[in-house]
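I have placed the structure first, in the form of structure tokens, so that the comments after it can refer back to it.
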Amino acid sequence: MRIDQKNLERFQELLDQGGRVMQTRTPVTGGFPVAYRRGMGRNPPDERVSPELATEWEVRCLNFLKRLTSNESDHYQRFKEQSEGFEGISNPSCVSLALGVLKAAKADYENGELSDARFLIEAEVFDDFLEQASHLLDTGYYGAAALIAGIVLEEGLRRHCLQNDVVLRPRAMIGEMNDALAKSGLYNNVLKTRITALAAIRNQAAHGQWKEFTVKDVEEMISWMRTFMENSFGEARLNIQ
């Protein structure tokens, strides 16, 4: 898995910002925050960090975690749970726990675990699209079914390129990704030829050339795509060759 240095730098930037939020901590007496001073009792009244700075940090962290994982990931959900207390009077503990979540996310990212979780989530999304394609096929819309299956194929290849650090030009099409993946040795020429044939069906569907392929072609396309995506991104991930 490719570790993006920019993401690591972003993690550190947010961790540093969280540390600065904690530095705004002040004790609260009579409902009003006062400056921290040496010599105060060991057990001062409730403490509070700047809610404005905490909220700014919250938004930046949640946006980053959502982009890097998803809004269903444990890291995102745990951070969001703690951030709900950022505006309370006794909020330093919530900020501290949120910092812990962010540190754990950074460690998991460095170990490649965040990316794996994201790919599993995306595999479920791909499966949903293939279910839609199957439904369209069953109701007679085999052209639309081929188009949706083709979209899953394109996105699946793009994920393979991302996961295996295969460099592409922006908006690379299926053919270019297929060539690059085969050239990199990630799969063989038999699989490359199969993907080329499926890409042709997708292109024909996109141009309304529905007489160029059959219902059976689309049935086989969806079935093959389901196996390909499960082997590539599912929990029991297999060699894609």
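Chains: A, B, ... in order of the structure tokens. Residues: from 1 per chain. Ligands: from 1, in order shown.
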- Query: as number ranges by chain, which residues of segment 159-232 of chain A does DSSP assign to helix (DSSP H, G or I)?
  - Reply: A: 159-163, 174-183, 189-206, 210-212, 215-232
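Compared by their closest atoms to Glu131 of chain A, and using only C-alpha atoms, the residues A:Lys103, A:Ile148, A:Ala197, A:Arg169 rank with A:Ile148 nearest.
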